[in-house]
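start12.pdb follows; it contains PDB, C-alpha atoms and all ligand atoms.
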```
ATOM      1  CA  MET A   9     101.545  72.271 114.946
ATOM      2  CA  ILE A  10     101.185  73.903 111.538
ATOM      3  CA  GLN A  11     103.561  75.174 108.864
ATOM      4  CA  PHE A  12     103.183  78.119 106.528
ATOM      5  CA  GLN A  13     105.287  80.699 104.754
ATOM      6  CA  LEU A  14     105.405  84.027 106.562
ATOM      7  CA  ASN A  15     107.035  86.798 104.540
ATOM      8  CA  GLY A  16     109.041  84.184 102.666
ATOM      9  CA  THR A  17     110.186  82.271 105.729
ATOM     10  CA  LEU A  18     108.981  78.771 106.448
ATOM     11  CA  THR A  19     107.305  79.126 109.818
ATOM     12  CA  GLU A  20     106.252  76.376 112.155
ATOM     13  CA  ALA A  21     103.841  77.269 114.902
ATOM     14  CA  GLN A  22     102.269  75.504 117.792
ATOM     15  CA  VAL A  23      98.817  77.018 117.755
ATOM     16  CA  ARG A  24      95.934  77.022 120.175
ATOM     17  CA  SER A  25      92.513  76.583 118.728
ATOM     18  CA  GLY A  26      90.720  79.928 118.503
ATOM     19  CA  THR A  27      93.912  81.943 117.978
ATOM     20  CA  THR A  28      93.527  84.429 115.157
ATOM     21  CA  LEU A  29      96.232  85.268 112.662
ATOM     22  CA  PHE A  30      96.078  88.819 114.042
ATOM     23  CA  ASP A  31      96.914  87.652 117.582
ATOM     24  CA  PHE A  32      99.695  85.415 116.277
ATOM     25  CA  LEU A  33     101.305  88.147 114.169
ATOM     26  CA  ARG A  34     101.178  90.760 116.922
ATOM     27  CA  GLU A  35     102.647  88.281 119.406
ATOM     28  CA  LYS A  36     105.505  87.649 116.951
ATOM     29  CA  GLY A  37     106.199  91.362 116.526
ATOM     30  CA  PHE A  38     104.565  92.057 113.172
ATOM     31  CA  PHE A  39     103.238  95.407 114.303
ATOM     32  CA  SER A  40     102.318  96.652 110.823
ATOM     33  CA  VAL A  41      99.147  94.610 111.287
ATOM     34  CA  LYS A  42      96.888  96.897 113.275
ATOM     35  CA  TYR A  43      93.796  96.455 115.379
ATOM     36  CA  GLY A  44      90.670  97.942 113.882
ATOM     37  CA  SER A  45      87.860  95.827 115.222
ATOM     38  CA  ASP A  46      87.084  92.198 115.890
ATOM     39  CA  LYS A  47      84.961  92.082 112.772
ATOM     40  CA  GLY A  48      87.428  93.265 110.150
ATOM     41  CA  GLU A  49      85.450  96.281 108.942
ATOM     42  CA  THR A  50      88.376  98.683 109.087
ATOM     43  CA  GLY A  51      91.006  96.860 107.057
ATOM     44  CA  ALA A  52      93.678  97.916 109.549
ATOM     45  CA  ASP A  53      94.435  94.219 109.978
ATOM     46  CA  THR A  54      94.897  93.578 106.248
ATOM     47  CA  VAL A  55      97.356  90.857 105.247
ATOM     48  CA  LEU A  56      97.827  88.867 102.068
ATOM     49  CA  VAL A  57      97.129  85.148 102.158
ATOM     50  CA  ASP A  58      98.192  83.456  98.943
ATOM     51  CA  GLY A  59      98.204  86.951  97.425
ATOM     52  CA  LYS A  60      94.600  87.746  98.384
ATOM     53  CA  ILE A  61      93.532  90.494 100.765
ATOM     54  CA  MET A  62      92.315  89.072 104.056
ATOM     55  CA  ASN A  63      91.543  90.419 107.502
ATOM     56  CA  ALA A  64      93.924  88.840 109.994
ATOM     57  CA  SER A  65      91.366  89.284 112.789
ATOM     58  CA  LEU A  66      88.927  87.011 110.964
ATOM     59  CA  ILE A  67      91.281  84.116 110.206
ATOM     60  CA  LEU A  68      91.889  81.327 112.670
ATOM     61  CA  ILE A  69      95.513  80.440 112.398
ATOM     62  CA  HIS A  70      94.975  76.686 112.391
ATOM     63  CA  THR A  71      93.350  77.059 108.935
ATOM     64  CA  LEU A  72      96.579  78.364 107.371
ATOM     65  CA  GLU A  73      98.513  75.138 106.878
ATOM     66  CA  GLY A  74     100.646  75.497 103.732
ATOM     67  CA  LYS A  75      99.525  79.085 103.020
ATOM     68  CA  TYR A  76     101.716  82.027 101.986
ATOM     69  CA  ILE A  77     101.187  84.968 104.318
ATOM     70  CA  GLU A  78     102.540  88.457 103.680
ATOM     71  CA  THR A  79     102.643  91.501 105.892
ATOM     72  CA  VAL A  80     104.088  94.828 104.847
ATOM     73  CA  GLU A  81     107.270  94.028 106.814
ATOM     74  CA  SER A  82     108.276  91.906 103.810
ATOM     75  CA  PHE A  83     108.180  94.973 101.542
ATOM     76  CA  SER A  84     111.270  96.632 102.942
ATOM     77  CA  HIS A  85     114.771  95.666 103.975
ATOM     78  CA  GLY A  86     116.382  98.452 105.969
ATOM     79  CA  GLN A  87     116.475 101.549 103.776
ATOM     80  CA  ASP A  88     115.484  99.509 100.733
ATOM     81  CA  ILE A  89     111.738  99.978 100.440
ATOM     82  CA  HIS A  90     109.130  98.828  97.956
ATOM     83  CA  PRO A  91     108.443 101.210  95.016
ATOM     84  CA  LEU A  92     104.833 101.518  96.179
ATOM     85  CA  GLN A  93     106.026 102.724  99.579
ATOM     86  CA  ASP A  94     108.286 105.178  97.729
ATOM     87  CA  ALA A  95     105.250 106.412  95.800
ATOM     88  CA  PHE A  96     103.355 106.973  99.073
ATOM     89  CA  ILE A  97     106.261 108.969 100.502
ATOM     90  CA  GLU A  98     106.754 111.016  97.334
ATOM     91  CA  GLU A  99     103.071 111.895  97.206
ATOM     92  CA  GLY A 100     102.867 112.638 100.930
ATOM     93  CA  ALA A 101     100.102 110.037 101.120
ATOM     94  CA  ILE A 102     100.646 109.207 104.785
ATOM     95  CA  GLN A 103      99.159 111.089 107.715
ATOM     96  CA  CYS A 104      99.212 109.127 110.989
ATOM     97  CA  GLY A 105     100.079 105.988 109.006
ATOM     98  CA  TYR A 106      97.759 103.632 110.879
ATOM     99  CA  CYS A 107      96.001 102.523 107.694
ATOM    100  CA  THR A 108      99.043 102.691 105.411
ATOM    101  CA  PRO A 109     100.226  99.052 105.683
ATOM    102  CA  GLY A 110      96.735  97.853 104.802
ATOM    103  CA  MET A 111      96.528 100.253 101.881
ATOM    104  CA  VAL A 112      99.934  99.201 100.552
ATOM    105  CA  LEU A 113      99.024  95.513 100.728
ATOM    106  CA  ALA A 114      95.638  96.102  99.103
ATOM    107  CA  ILE A 115      97.167  98.053  96.209
ATOM    108  CA  GLU A 116      99.942  95.505  95.708
ATOM    109  CA  SER A 117      97.374  92.737  95.614
ATOM    110  CA  LEU A 118      95.550  94.644  92.866
ATOM    111  CA  ALA A 119      98.815  95.221  90.974
ATOM    112  CA  ARG A 120      99.535  91.497  90.966
ATOM    113  CA  GLU A 121      95.990  90.509  90.074
ATOM    114  CA  LYS A 122      95.185  92.895  87.238
ATOM    115  CA  GLU A 123      97.403  93.909  84.347
ATOM    116  CA  ASN A 124      96.246  97.503  83.867
ATOM    117  CA  PRO A 125      94.167  98.525  86.857
ATOM    118  CA  THR A 126      92.217 101.754  86.558
ATOM    119  CA  GLU A 127      91.787 104.518  89.113
ATOM    120  CA  SER A 128      88.350 103.069  89.759
ATOM    121  CA  ASP A 129      89.957  99.689  90.586
ATOM    122  CA  VAL A 130      92.280 101.476  93.016
ATOM    123  CA  LYS A 131      89.327 103.185  94.717
ATOM    124  CA  ASP A 132      87.474  99.867  94.915
ATOM    125  CA  VAL A 133      90.391  98.057  96.534
ATOM    126  CA  LEU A 134      90.997 100.903  98.974
ATOM    127  CA  ALA A 135      87.336 100.918  99.983
ATOM    128  CA  GLY A 136      88.145  98.011 102.292
ATOM    129  CA  VAL A 137      90.747  99.994 104.231
ATOM    130  CA  TYR A 138      89.377 102.857 106.303
ATOM    131  CA  CYS A 139      91.544 105.894 106.805
ATOM    132  CA  ARG A 140      90.514 107.628 109.991
ATOM    133  CA  CYS A 141      92.506 110.667 108.859
ATOM    134  CA  THR A 142      90.289 110.628 105.735
ATOM    135  CA  GLY A 143      93.314 110.853 103.459
ATOM    136  CA  TYR A 144      92.133 109.004 100.381
ATOM    137  CA  VAL A 145      93.054 111.372  97.550
ATOM    138  CA  LYS A 146      96.821 111.138  97.891
ATOM    139  CA  PRO A 147      96.915 107.343  98.324
ATOM    140  CA  VAL A 148      94.896 107.018  95.120
ATOM    141  CA  ILE A 149      97.388 109.315  93.328
ATOM    142  CA  ALA A 150     100.354 107.418  94.799
ATOM    143  CA  ALA A 151      98.850 104.080  93.762
ATOM    144  CA  THR A 152      98.076 105.340  90.270
ATOM    145  CA  ASN A 153     101.636 106.684  89.879
ATOM    146  CA  TYR A 154     103.068 103.363  91.060
ATOM    147  CA  LEU A 155     100.815 101.290  88.799
ATOM    148  CA  THR A 156     101.522 103.508  85.776
ATOM    149  CA  THR A 157     105.284 103.227  86.272
ATOM    150  CA  LYS A 158     105.067  99.478  86.900
ATOM    151  CA  ASN A 159     102.978  98.861  83.804
ATOM    152  CA  ALA A 160     105.281 100.993  81.631
ATOM    153  CA  LYS A 161     108.168  98.598  82.325
TER     154      LYS A 161
HETATM  155  S1  LIG B 201      96.671 108.035 107.645
HETATM  156 FE1  LIG B 201      95.740 107.995 109.612
HETATM  157  S2  LIG B 201      94.281 106.392 109.462
HETATM  158 FE2  LIG B 201      94.956 106.684 107.449
END
```
Kindly present the structure from the file in structure tokens form.
Amino acid sequence: MIQFQLNGTLTEAQVRSGTTLFDFLREKGFFSVKYGSDKGETGADTVLVDGKIMNASLILIHTLEGKYIETVESFSHGQDIHPLQDAFIEEGAIQCGYCTPGMVLAIESLAREKENPTESDVKDVLAGVYCRCTGYVKPVIAATNYLTTKNAK
């Protein structure tokens, strides 16, 4: 039995050894976390653990005692969505959307970590999230718009 915070909710889980965070989240209905591969190369399974980008497929859940886990489900409440998601919509930065949750989490992690991230920082952080639709230009613009607005406040 372990305890951790999942999207701000104290969560207690009876876990089997060898269960990945990816399997756990999908079983619990957190479908923003996508399958990409068993080795984490695609970033489709991106989550934040204590604010850091991690691949849910590569984390055994029993190692997460006391950790703070975030999926993109925590970024919206009904029609009330995160400003970064707004920026993606405004820029038309979503094609099929498979990679979008991972991109949003990666950019938000950068926004929290660095005071004035550059476009190059955005490209670096997005390098870990493959977009099979090859739509990188608009996400970079959306991220830059979001970060510029956020830093102006
Ligand atoms: S929008 Fe389709 S994989 Fe990125």
Pick from A:Cys107, A:Ala95, A:Leu155, A:Ala64 nearest to Phe32 of chain A, counting only C-alpha atoms: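 Answer, going by the shortest atom-to-atom distance: A:Ala64.
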Run the PyMOL selection byres (((chain A and resi 73-89) around 9) and not hetatm) mentally over the shown coordinates, then write out the matched residues as a ChimeraX atom specification, using the chain letters and numbers from the document. /A:10-16,38-41,54-59,69-72,90-94,109-110,112-113
First collect every listed atom of ligand LIG 201 (chain B); then fit an axis-aligned box around them, widen it by 6 Å on each side, and give centre and edge lengths in Å to one decimal, as lines of an AutoDock Vina configuration file.
```
center_x = 95.5
center_y = 107.2
center_z = 108.5
size_x = 14.4
size_y = 13.6
size_z = 14.2
```
Output the neighbourhood of ligand LIG 201 (chain B) as a PyMOL selection string, that is, all protein and nucleic acid residues with some atom at most 7 Å from the ligand, counting all atoms listed in the file. chain A and resi 102-108+138-143
Once the PyMOL selection byres (((chain A and resi 126) around 12) and not hetatm) has been applied to the shown file, what residues remain in the selection, as a list in words?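 Written out, the selection comes to Ile115, Leu118, Ala119, Lys122, Glu123, Asn124, Pro125, Glu127, Ser128, Asp129, Val130, Lys131, Asp132, Val133, Val148, Ile149, Ala151, Thr152, Asn153, Tyr154, Leu155, Thr156 and Asn159 of chain A.
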Between atom CA of Pro147 of chain A and atom CA of Ala52 of chain A, what is the distance in Å, rounded to a tenth? 15.0 Å
